[in-house]
$ cat query-v1.txt   # compact mmCIF, C-alpha atoms and all ligand atoms
# COMPACT_ATOMS: atom_id res chain seq x y z
CA MET A 25 -3.89 26.24 -8.94
CA THR A 26 -4.75 24.08 -5.90
CA GLU A 27 -8.46 23.63 -5.27
CA GLN A 28 -9.72 23.17 -1.75
CA ALA A 29 -8.33 19.94 -0.35
CA THR A 30 -8.84 17.82 2.74
CA ARG A 31 -5.65 17.84 4.81
CA ILE A 32 -4.79 14.90 7.06
CA GLN A 33 -1.75 15.19 9.30
CA VAL A 34 0.60 12.26 9.80
CA GLY A 35 3.37 11.95 12.39
CA GLY A 36 4.75 14.78 14.41
CA THR A 37 4.90 12.60 17.51
CA ALA A 38 7.73 10.59 19.05
CA GLY A 39 10.43 12.53 17.22
CA THR A 40 8.99 12.06 13.71
CA ASP A 41 8.54 14.97 11.32
CA PRO A 42 4.89 15.75 10.62
CA TYR A 43 3.61 15.84 7.06
CA GLU A 44 0.26 16.20 5.37
CA VAL A 45 -1.79 14.01 3.06
CA LEU A 46 -3.88 16.21 0.78
CA VAL A 47 -6.97 14.78 -0.90
CA GLY A 48 -8.66 16.78 -3.63
CA ARG A 49 -8.14 17.87 -7.21
CA ARG A 50 -5.57 19.99 -9.03
CA LEU A 51 -3.08 19.65 -6.21
CA LEU A 52 0.15 19.99 -8.15
CA GLY A 53 0.38 23.66 -7.20
CA GLU A 54 1.44 22.32 -3.79
CA LEU A 55 4.56 20.68 -5.18
CA PRO A 56 7.01 23.61 -5.15
CA GLY A 57 6.20 24.34 -1.50
CA LEU A 58 6.88 20.70 -0.64
CA ILE A 59 10.04 20.51 -2.71
CA GLY A 60 11.36 23.48 -0.80
CA ALA A 61 13.78 26.27 -1.61
CA ALA A 62 16.94 24.25 -1.02
CA ALA A 63 16.44 21.88 -3.96
CA LYS A 64 18.12 22.47 -7.30
CA ARG A 65 17.36 19.07 -8.86
CA VAL A 66 14.12 17.08 -8.89
CA ALA A 67 13.73 13.51 -10.16
CA VAL A 68 10.22 12.44 -11.15
CA LEU A 69 9.88 8.64 -10.93
CA HIS A 70 6.85 7.30 -12.78
CA PRO A 71 5.67 4.00 -14.31
CA GLU A 72 5.49 3.40 -18.04
CA ALA A 73 1.68 3.68 -17.89
CA LEU A 74 2.03 7.29 -16.72
CA ALA A 75 4.72 8.36 -19.21
CA ALA A 76 2.77 11.43 -20.34
CA THR A 77 1.98 12.49 -16.77
CA GLY A 78 5.62 12.07 -15.72
CA GLU A 79 6.92 14.06 -18.66
CA ALA A 80 4.34 16.84 -18.16
CA LEU A 81 5.37 17.11 -14.53
CA ARG A 82 9.05 17.19 -15.45
CA GLU A 83 8.42 19.97 -17.97
CA ASP A 84 6.40 21.92 -15.43
CA LEU A 85 9.16 21.67 -12.81
CA ALA A 86 11.80 22.58 -15.40
CA GLY A 87 9.69 25.64 -16.25
CA GLN A 88 9.88 26.62 -12.60
CA GLY A 89 13.67 26.59 -12.73
CA TYR A 90 14.49 23.14 -11.34
CA ASP A 91 16.95 20.88 -13.05
CA ALA A 92 14.25 18.23 -13.53
CA ILE A 93 14.66 14.69 -14.82
CA ALA A 94 12.06 11.98 -15.36
CA ILE A 95 12.94 8.35 -14.62
CA GLN A 96 10.60 5.85 -16.21
CA LEU A 97 10.02 2.63 -14.27
CA PRO A 98 8.39 -0.62 -15.35
CA ASN A 99 4.71 -0.92 -14.47
CA ALA A 100 3.53 -2.50 -11.25
CA GLU A 101 5.57 -5.05 -9.28
CA GLU A 102 8.31 -5.28 -11.92
CA SER A 103 9.58 -1.95 -10.63
CA LYS A 104 10.15 -3.23 -7.09
CA THR A 105 13.52 -4.87 -7.73
CA ALA A 106 17.14 -4.24 -6.79
CA GLU A 107 17.93 -3.82 -10.51
CA VAL A 108 15.41 -1.02 -10.96
CA ALA A 109 16.64 0.67 -7.76
CA ALA A 110 20.22 0.45 -9.11
CA TYR A 111 19.06 1.96 -12.41
CA CYS A 112 17.61 4.91 -10.48
CA TRP A 113 20.77 5.32 -8.36
CA LYS A 114 22.76 5.51 -11.59
CA ALA A 115 20.47 8.20 -13.01
CA LEU A 116 20.72 10.22 -9.78
CA GLY A 117 24.51 9.85 -9.76
CA GLN A 118 24.80 10.99 -13.34
CA THR A 119 22.62 14.02 -12.57
CA GLY A 120 24.76 14.97 -9.58
CA PHE A 121 21.83 14.57 -7.18
CA THR A 122 22.76 16.00 -3.76
CA ARG A 123 21.29 15.78 -0.28
CA THR A 124 19.15 18.87 -0.80
CA ASP A 125 17.59 17.53 -4.02
CA VAL A 126 14.18 15.89 -4.12
CA ILE A 127 12.50 12.77 -5.52
CA VAL A 128 8.86 12.79 -6.57
CA GLY A 129 7.15 9.38 -6.97
CA VAL A 130 4.08 9.55 -9.23
CA GLY A 131 2.15 6.31 -9.62
CA GLY A 132 0.63 3.40 -7.77
CA GLY A 133 1.89 1.70 -4.64
CA ALA A 134 4.64 -0.13 -6.49
CA THR A 135 6.02 3.16 -7.81
CA THR A 136 5.86 5.00 -4.50
CA ASP A 137 7.39 1.99 -2.66
CA LEU A 138 10.32 2.05 -5.10
CA ALA A 139 10.63 5.85 -5.22
CA GLY A 140 10.60 6.02 -1.42
CA PHE A 141 13.20 3.27 -1.23
CA VAL A 142 15.48 5.08 -3.68
CA ALA A 143 15.01 8.26 -1.63
CA ALA A 144 15.79 6.37 1.59
CA THR A 145 18.99 4.90 0.21
CA TRP A 146 20.42 7.66 -1.99
CA LEU A 147 23.09 9.47 0.08
CA ARG A 148 21.49 7.68 3.09
CA GLY A 149 18.26 9.58 2.68
CA VAL A 150 16.90 12.48 0.64
CA ARG A 151 13.54 14.23 0.72
CA TRP A 152 10.72 12.69 -1.30
CA ILE A 153 7.13 13.46 -2.15
CA ALA A 154 4.45 10.91 -3.01
CA VAL A 155 1.85 11.59 -5.69
CA PRO A 156 -0.23 8.40 -5.58
CA THR A 157 -2.41 7.73 -8.62
CA THR A 158 -4.25 4.56 -7.50
CA VAL A 159 -6.80 4.02 -4.75
CA LEU A 160 -4.36 1.69 -3.03
CA GLY A 161 -1.55 4.21 -3.25
CA MET A 162 -3.69 6.98 -1.81
CA VAL A 163 -5.19 5.07 1.10
CA ASP A 164 -2.20 2.99 2.06
CA ALA A 165 1.11 2.73 0.19
CA ALA A 166 2.00 6.43 -0.03
CA VAL A 167 1.21 7.08 3.63
CA GLY A 168 3.36 5.93 6.51
CA GLY A 169 6.88 5.71 5.17
CA LYS A 170 7.21 1.97 4.53
CA THR A 171 9.35 1.80 1.40
CA GLY A 172 10.92 -1.23 -0.21
CA ILE A 173 11.52 -3.80 -2.89
CA ASN A 174 10.96 -7.54 -3.31
CA THR A 175 13.64 -10.24 -3.47
CA ALA A 176 13.49 -13.75 -4.93
CA GLU A 177 12.61 -15.00 -1.44
CA GLY A 178 9.62 -12.78 -0.90
CA LYS A 179 7.69 -9.58 -0.88
CA ASN A 180 9.05 -6.29 0.54
CA LEU A 181 11.96 -8.12 2.19
CA VAL A 182 14.34 -5.19 1.71
CA GLY A 183 13.34 -1.68 2.65
CA ALA A 184 13.44 1.23 5.02
CA PHE A 185 11.10 3.42 7.01
CA HIS A 186 11.44 6.77 5.26
CA PRO A 187 8.33 8.97 5.42
CA PRO A 188 7.60 11.38 2.58
CA ALA A 189 7.58 15.15 3.02
CA GLY A 190 4.01 15.20 1.75
CA VAL A 191 1.41 13.16 -0.11
CA LEU A 192 -0.77 14.62 -2.86
CA CYS A 193 -3.85 12.52 -3.68
CA ASP A 194 -5.39 14.01 -6.80
CA LEU A 195 -8.70 12.18 -7.23
CA ALA A 196 -8.74 13.04 -10.95
CA ALA A 197 -5.88 10.56 -11.44
CA LEU A 198 -8.30 7.72 -10.67
CA ASP A 199 -10.32 8.37 -13.84
CA SER A 200 -7.74 6.57 -16.01
CA LEU A 201 -7.19 3.65 -13.64
CA PRO A 202 -8.31 0.27 -15.06
CA VAL A 203 -11.24 -1.09 -13.07
CA ASN A 204 -9.27 -4.12 -11.82
CA ASP A 205 -6.67 -1.84 -10.29
CA TYR A 206 -9.35 0.40 -8.84
CA VAL A 207 -11.09 -2.56 -7.20
CA SER A 208 -7.80 -4.00 -5.95
CA GLY A 209 -7.34 -0.80 -3.92
CA LEU A 210 -10.74 -1.31 -2.33
CA ALA A 211 -9.30 -4.33 -0.48
CA GLU A 212 -7.12 -1.99 1.61
CA VAL A 213 -10.10 0.35 2.11
CA ILE A 214 -12.15 -2.61 3.36
CA LYS A 215 -9.21 -3.67 5.55
CA ALA A 216 -9.35 -0.24 7.21
CA GLY A 217 -13.06 -0.85 7.75
CA PHE A 218 -12.58 -4.18 9.50
CA ILE A 219 -9.64 -3.17 11.68
CA ALA A 220 -10.76 0.30 12.72
CA ASP A 221 -13.60 2.12 10.95
CA PRO A 222 -16.75 0.03 10.30
CA ALA A 223 -18.47 3.09 8.75
CA ILE A 224 -16.37 2.26 5.69
CA LEU A 225 -18.11 -1.12 5.45
CA ASP A 226 -21.54 0.48 5.83
CA LEU A 227 -20.77 2.92 3.00
CA ILE A 228 -19.63 0.15 0.65
CA GLU A 229 -22.56 -2.11 1.55
CA SER A 230 -24.96 0.75 0.85
CA ASP A 231 -23.75 1.01 -2.76
CA PRO A 232 -21.19 -1.62 -3.83
CA GLU A 233 -21.50 -0.69 -7.50
CA GLY A 234 -20.76 2.96 -6.72
CA ALA A 235 -17.76 1.93 -4.62
CA ARG A 236 -16.16 0.47 -7.76
CA ARG A 237 -16.18 3.79 -9.61
CA PRO A 238 -14.14 6.98 -9.23
CA ASP A 239 -17.36 8.97 -9.70
CA GLY A 240 -19.22 6.93 -7.07
CA PRO A 241 -21.14 8.92 -4.45
CA HIS A 242 -18.83 8.00 -1.56
CA THR A 243 -15.44 7.89 -3.28
CA ALA A 244 -13.84 10.84 -1.49
CA GLU A 245 -15.26 9.82 1.89
CA LEU A 246 -14.06 6.22 1.54
CA ILE A 247 -10.57 7.35 0.58
CA GLU A 248 -10.38 9.93 3.35
CA ARG A 249 -11.64 7.54 6.01
CA ALA A 250 -9.11 4.88 5.04
CA ILE A 251 -6.29 7.46 5.04
CA ARG A 252 -7.32 8.60 8.52
CA VAL A 253 -7.09 5.02 9.79
CA LYS A 254 -3.62 4.63 8.34
CA ALA A 255 -2.49 8.08 9.49
CA GLU A 256 -3.59 7.45 13.06
CA VAL A 257 -1.81 4.10 13.28
CA VAL A 258 1.50 5.13 11.69
CA SER A 259 1.57 8.34 13.71
CA ALA A 260 1.47 6.25 16.87
CA ASP A 261 3.91 3.56 15.71
CA LEU A 262 5.99 4.48 12.67
CA LYS A 263 8.44 1.58 12.93
CA GLU A 264 5.97 -1.21 13.66
CA SER A 265 7.02 -1.95 17.18
CA GLY A 266 3.45 -2.98 18.01
CA LEU A 267 0.23 -1.27 16.94
CA ARG A 268 1.24 -0.87 13.28
CA GLU A 269 1.04 -4.64 12.80
CA ILE A 270 -2.74 -4.29 12.57
CA LEU A 271 -2.27 -2.75 9.09
CA ASN A 272 -0.95 -6.17 8.08
CA TYR A 273 -4.41 -7.73 8.47
CA GLY A 274 -4.75 -10.32 5.68
CA HIS A 275 -1.18 -9.78 4.50
CA THR A 276 0.56 -12.88 5.89
CA LEU A 277 -1.17 -15.11 3.38
CA ALA A 278 -1.51 -12.35 0.76
CA HIS A 279 2.24 -11.87 0.37
CA ALA A 280 2.71 -15.63 0.01
CA ILE A 281 0.04 -15.72 -2.72
CA GLU A 282 1.65 -12.80 -4.54
CA LYS A 283 5.04 -14.50 -4.52
CA ASN A 284 3.53 -17.82 -5.57
CA GLU A 285 1.86 -16.07 -8.51
CA ARG A 286 5.13 -14.33 -9.46
CA TYR A 287 3.39 -11.03 -8.74
CA ASN A 288 0.85 -11.50 -11.50
CA TRP A 289 -1.90 -11.09 -8.91
CA ARG A 290 -2.55 -7.53 -7.77
CA HIS A 291 -1.68 -6.90 -4.13
CA GLY A 292 -5.26 -5.96 -3.24
CA ALA A 293 -6.68 -9.14 -4.75
CA ALA A 294 -4.28 -11.21 -2.64
CA VAL A 295 -5.13 -9.15 0.46
CA SER A 296 -8.80 -9.89 -0.17
CA VAL A 297 -8.20 -13.67 -0.01
CA GLY A 298 -5.82 -13.10 2.90
CA MET A 299 -8.52 -11.31 4.89
CA VAL A 300 -11.04 -14.10 4.32
CA PHE A 301 -8.37 -16.51 5.59
CA ALA A 302 -7.62 -14.32 8.62
CA ALA A 303 -11.32 -14.02 9.40
CA GLU A 304 -11.71 -17.80 9.28
CA LEU A 305 -8.63 -18.20 11.45
CA GLY A 306 -10.15 -15.79 13.97
CA ARG A 307 -13.43 -17.66 13.88
CA ILE A 308 -11.77 -21.08 14.29
CA ALA A 309 -9.62 -19.74 17.13
CA GLY A 310 -12.82 -18.77 18.91
CA ARG A 311 -12.08 -15.06 18.67
CA LEU A 312 -14.39 -13.82 15.93
CA ASP A 313 -18.17 -14.11 15.74
CA ASP A 314 -19.76 -15.81 12.71
CA ALA A 315 -21.53 -12.68 11.49
CA THR A 316 -18.36 -10.59 11.25
CA ALA A 317 -16.44 -13.45 9.64
CA ASP A 318 -19.19 -13.90 7.05
CA ARG A 319 -19.33 -10.15 6.46
CA HIS A 320 -15.81 -10.35 5.02
CA ARG A 321 -16.96 -12.59 2.18
CA ALA A 322 -20.07 -10.53 1.52
CA VAL A 323 -18.44 -7.11 1.32
CA LEU A 324 -15.36 -8.25 -0.60
CA ALA A 325 -17.45 -10.19 -3.13
CA SER A 326 -19.87 -7.27 -3.51
CA VAL A 327 -17.14 -5.14 -5.12
CA GLY A 328 -15.74 -8.03 -7.16
CA LEU A 329 -12.72 -9.06 -5.08
CA PRO A 330 -11.66 -12.74 -4.95
CA LEU A 331 -12.35 -14.97 -1.94
CA THR A 332 -10.45 -18.13 -2.90
CA TYR A 333 -7.07 -19.36 -4.08
CA ARG A 334 -5.77 -22.64 -5.59
CA GLY A 335 -6.10 -25.33 -2.94
CA ASP A 336 -3.05 -27.36 -4.00
CA GLN A 337 -0.47 -24.73 -3.04
CA TRP A 338 -0.74 -24.82 0.74
CA PRO A 339 2.72 -26.31 1.56
CA LYS A 340 4.43 -23.62 -0.53
CA LEU A 341 2.32 -20.84 0.97
CA LEU A 342 3.10 -22.05 4.47
CA GLU A 343 6.82 -22.09 3.73
CA THR A 344 6.74 -18.52 2.39
CA MET A 345 4.71 -17.27 5.34
CA LYS A 346 7.58 -18.25 7.62
CA VAL A 347 9.63 -15.28 6.35
CA ASP A 348 6.78 -12.85 6.96
CA LYS A 349 8.09 -9.83 8.87
CA LYS A 350 5.77 -10.51 11.78
CA SER A 351 7.35 -13.95 12.36
CA ARG A 352 9.64 -14.31 15.36
CA GLY A 353 12.04 -17.22 15.09
CA ASP A 354 9.89 -20.25 14.30
CA ARG A 355 6.71 -18.56 15.49
CA LEU A 356 4.18 -17.53 12.86
CA ARG A 357 2.08 -14.55 13.90
CA PHE A 358 -1.21 -13.44 12.33
CA ILE A 359 -3.41 -10.42 12.80
CA VAL A 360 -6.94 -11.60 13.56
CA LEU A 361 -10.03 -9.87 14.91
CA ASP A 362 -11.44 -10.32 18.41
CA GLY A 363 -14.53 -8.64 16.99
CA LEU A 364 -15.31 -5.87 14.51
CA ALA A 365 -12.57 -3.22 14.71
CA LYS A 366 -10.75 -5.17 17.42
CA PRO A 367 -7.54 -6.37 15.80
CA THR A 368 -5.11 -8.47 17.79
CA VAL A 369 -2.20 -10.87 17.29
CA LEU A 370 -2.66 -14.64 17.11
CA GLU A 371 0.67 -16.27 18.03
CA SER A 372 1.75 -19.68 16.72
CA PRO A 373 -1.68 -21.04 15.80
CA ASP A 374 -1.97 -24.80 15.80
CA PRO A 375 -1.16 -26.21 12.31
CA ALA A 376 -4.59 -27.90 12.28
CA MET A 377 -6.21 -24.49 12.74
CA LEU A 378 -4.25 -23.07 9.83
CA LEU A 379 -5.25 -26.00 7.68
CA ALA A 380 -8.91 -25.59 8.61
CA ALA A 381 -8.79 -21.88 7.77
CA HIS A 382 -7.06 -22.72 4.51
CA ALA A 383 -9.83 -25.17 3.61
CA GLU A 384 -12.24 -22.21 3.70
CA ILE A 385 -10.36 -20.31 0.99
CA ALA A 386 -9.18 -23.27 -1.11
CA ALA A 387 -10.65 -23.28 -4.60
N1 LIG A 401 4.29 0.95 1.57
C1 LIG A 401 3.11 0.56 2.02
O1 LIG A 401 2.73 0.85 3.15
C2 LIG A 401 2.21 -0.22 1.12
C3 LIG A 401 0.88 -0.37 1.47
C4 LIG A 401 0.06 -1.09 0.62
C5 LIG A 401 0.55 -1.61 -0.57
N2 LIG A 401 1.86 -1.41 -0.89
C6 LIG A 401 2.39 -1.89 -2.17
O2 LIG A 401 1.69 -1.24 -3.22
C7 LIG A 401 1.77 -2.04 -4.39
C8 LIG A 401 0.43 -2.11 -5.07
O3 LIG A 401 0.06 -0.82 -5.45
P1 LIG A 401 -1.11 -0.55 -6.52
O4 LIG A 401 -2.27 -1.41 -6.23
O5 LIG A 401 -1.28 0.91 -6.56
O6 LIG A 401 -0.54 -1.15 -7.85
P2 LIG A 401 0.61 -0.67 -8.87
O7 LIG A 401 1.46 0.39 -8.36
O8 LIG A 401 1.23 -1.94 -9.32
O9 LIG A 401 -0.26 -0.04 -10.05
C9 LIG A 401 -1.12 -0.88 -10.79
C10 LIG A 401 -1.02 -0.55 -12.30
O10 LIG A 401 -1.68 0.66 -12.58
C11 LIG A 401 -0.83 1.56 -13.30
N3 LIG A 401 -1.29 2.88 -12.92
C12 LIG A 401 -1.02 3.54 -11.77
N4 LIG A 401 -1.75 4.66 -11.70
C13 LIG A 401 -2.48 4.72 -12.84
C14 LIG A 401 -3.45 5.64 -13.33
N5 LIG A 401 -3.84 6.69 -12.62
N6 LIG A 401 -4.00 5.39 -14.55
C15 LIG A 401 -3.65 4.27 -15.25
N7 LIG A 401 -2.76 3.36 -14.83
C16 LIG A 401 -2.19 3.58 -13.62
C17 LIG A 401 0.55 1.14 -12.87
O11 LIG A 401 1.53 1.54 -13.80
C18 LIG A 401 0.40 -0.38 -12.79
O12 LIG A 401 0.53 -0.96 -14.05
C19 LIG A 401 2.28 -3.40 -3.94
O13 LIG A 401 3.62 -3.51 -4.30
C20 LIG A 401 2.14 -3.34 -2.44
O14 LIG A 401 3.09 -4.15 -1.80
C21 LIG A 401 2.68 -0.73 -0.07
O1 LIG A 402 1.80 0.13 6.44
C1 LIG A 402 1.83 -0.99 6.94
O2 LIG A 402 2.42 -1.22 7.99
C2 LIG A 402 1.13 -2.11 6.30
O3 LIG A 402 1.27 -3.26 6.72
C3 LIG A 402 0.27 -1.78 5.12
C4 LIG A 402 0.14 -2.90 4.11
O4 LIG A 402 -1.06 -2.67 3.41
C5 LIG A 402 1.25 -2.91 3.07
O5 LIG A 402 0.96 -3.85 2.08
C6 LIG A 402 2.66 -3.05 3.56
O6 LIG A 402 3.57 -2.81 2.53
C7 LIG A 402 2.98 -4.43 4.08
O7 LIG A 402 4.13 -4.32 4.83
P1 LIG A 402 5.13 -5.53 5.12
O8 LIG A 402 5.94 -4.98 6.23
O9 LIG A 402 4.30 -6.71 5.51
O10 LIG A 402 5.89 -5.76 3.89
ZN ZN A 403 -1.17 -3.94 1.71
$ encode --input "query-v1.txt" --output "structure tokens"
Amino acid sequence: MTEQATRIQVGGTAGTDPYEVLVGRRLLGELPGLIGAAAKRVAVLHPEALAATGEALREDLAGQGYDAIAIQLPNAEESKTAEVAAYCWKALGQTGFTRTDVIVGVGGGATTDLAGFVAATWLRGVRWIAVPTTVLGMVDAAVGGKTGINTAEGKNLVGAFHPPAGVLCDLAALDSLPVNDYVSGLAEVIKAGFIADPAILDLIESDPEGARRPDGPHTAELIERAIRVKAEVVSADLKESGLREILNYGHTLAHAIEKNERYNWRHGAAVSVGMVFAAELGRIAGRLDDATADRHRAVLASVGLPLTYRGDQWPKLLETMKVDKKSRGDRLRFIVLDGLAKPTVLESPDPAMLLAAHAEIAA
């Protein structure tokens, strides 16, 4: 049975269908309503780490009369490949999955990115529901409809905007999350703090140790605040024609680091370094005050996120950043801050500025 949950609406403007993000506990009772009466088949996509959860969900849905299958994916970034997507398409084809059938993605951001992408591409788009099980998935990846996979050339280079029909954030799922993965998700929470909601930073600074734990005093509030930031932005600009770019704060460098590390770094850890870089870039460009730039290091370090990356990799990172989705032709574009919660775009920064900002994160 569903316990009382916080409901955050996303979309519903500019021709997009509205949907809700629920945050609470024991939310799976909401699934049948979201799946809808038209579905006969349901595919539950889950990572290896959540094999038991995926199978339990499949059994539950089968007990409710659906023709339910579970598709196990590799853990983490290994699932975001064309091969894994093709494996899922094959399973859906063999099950006779039609346009009224539904995909449920249960897992972290990598799983929901892949599940959403499979939903976007199967029969040119079927309904899907996100059940994020990591902090990062709840506050960011599962919300907003960006779905996709990586290619050899870079991160998330193939994908589609395909919003879910609903997002169920069951906070109990976080109890089994390894601490490194938990903390990685805090990078996106802190990002939401810097770009839009500084109360998030105050909450973390008041108890950094508590922020690292699912039973911390502010866990639900931190997650809900970060979701509200994301919901507001994607509701105004689903397809990233402008405003949505602010959610990419720290990501230009982060994606290059992830690729350079063959995805052995967690996304949030790379975003942490990427935000320190972006803050330095803002400071060097004369946009950001010293105190706010320094606050990045302090708050990220206080929860155990990294601030530096190997200094000898700059030429490779620069090359990768050129295929960032915010680039236009030969122009690199970065999100920087004009001040706390004042994100803006920095176009074609001088190479010397980039190098100087890089020197501040080089280990
Ligand atoms: N679409 C978007 O808007 C968006 C936003 C932010 C990030 N992302 C993407 O999200 C991905 C990162 O997501 P993530 O940080 O959630 O990592 P992840 O999905 O790689 O999960 C991390 C690890 O935790 C395991 N796991 C997941 N839930 C668990 C649980 N409850 N208990 C135990 N283990 C669990 C996973 O199997 C994996 O091994 C990246 O690919 C990033 O690009 C997408
Ligand atoms: O939702 C968005 O928009 C974001 O930029 C959120 C990011 O945290 C996320 O990592 C996203 O997947 C990056 O998008 P990309 O378009 O740069 O691949
Ligand atoms: Zn991100």
$ residues_around --input "query-v1.txt" --residues "segment 289-293 of chain A" --least-positions-apart "6" --cutoff "8 Å" --atoms "only C-alpha atoms" --output "VMD selection string"
chain A and resid 160 205 207 to 212 278 to 279 281 to 282 329 to 330
$ axis_aligned_box --input "query-v1.txt" --around "ligand LIG 402 (chain A)" --padding-each-side "4 Å" --output "JSON"
{"center_x": 2.4, "center_y": -3.3, "center_z": 5.0, "size_x": 15.0, "size_y": 14.8, "size_z": 13.9}
$ residues_near_ligand --input "query-v1.txt" --ligand "ligand LIG 402 (chain A)" --cutoff "8 Å" --atoms "all atoms listed in the file" --output "MDAnalysis selection string"
chainID A and resid 164:165 167:172 179:181 212 254 258 264 268:273 275:276 279 291 348:350
$ closest_residue --input "query-v1.txt" --among "A:Lys215, A:Arg311, A:Arg148, A:Lys64" --to "ligand ZN 403 (chain A)" --atoms "all atoms listed in the file"
A:Lys215
$ residues_around --input "query-v1.txt" --residues "Gly39 of chain A" --least-positions-apart "3" --cutoff "12 Å" --atoms "all atoms listed in the file" --output "list in words"
Gly35, Gly36, Pro42, Ser259, Ala260, Asp261, Leu262 and Lys263 of chain A
$ atom_distance --input "query-v1.txt" --atom1 "atom CA of Asp91 of chain A" --atom2 "atom CA of Val126 of chain A"
10.6 Å
$ closest_residue --input "query-v1.txt" --among "A:Arg151, A:Arg352, A:Arg249, A:His70" --to "ligand LIG 401 (chain A)" --atoms "only C-alpha atoms and all ligand atoms"
A:His70
$ closest_residue --input "query-v1.txt" --among "A:Tyr43, A:Phe218, A:Tyr287, A:Tyr333" --to "ligand LIG 401 (chain A)" --atoms "all atoms listed in the file"
A:Tyr287
$ closest_residue --input "query-v1.txt" --among "A:Gly117, A:Gly89, A:Gly133, A:Gly57" --to "ligand LIG 401 (chain A)" --atoms "only C-alpha atoms and all ligand atoms"
A:Gly133
$ residues_around --input "query-v1.txt" --residues "segment 224-233 of chain A" --least-positions-apart "6" --cutoff "7 Å" --atoms "all atoms listed in the file" --output "number ranges by chain"
A: 214, 217, 246, 323, 326-327
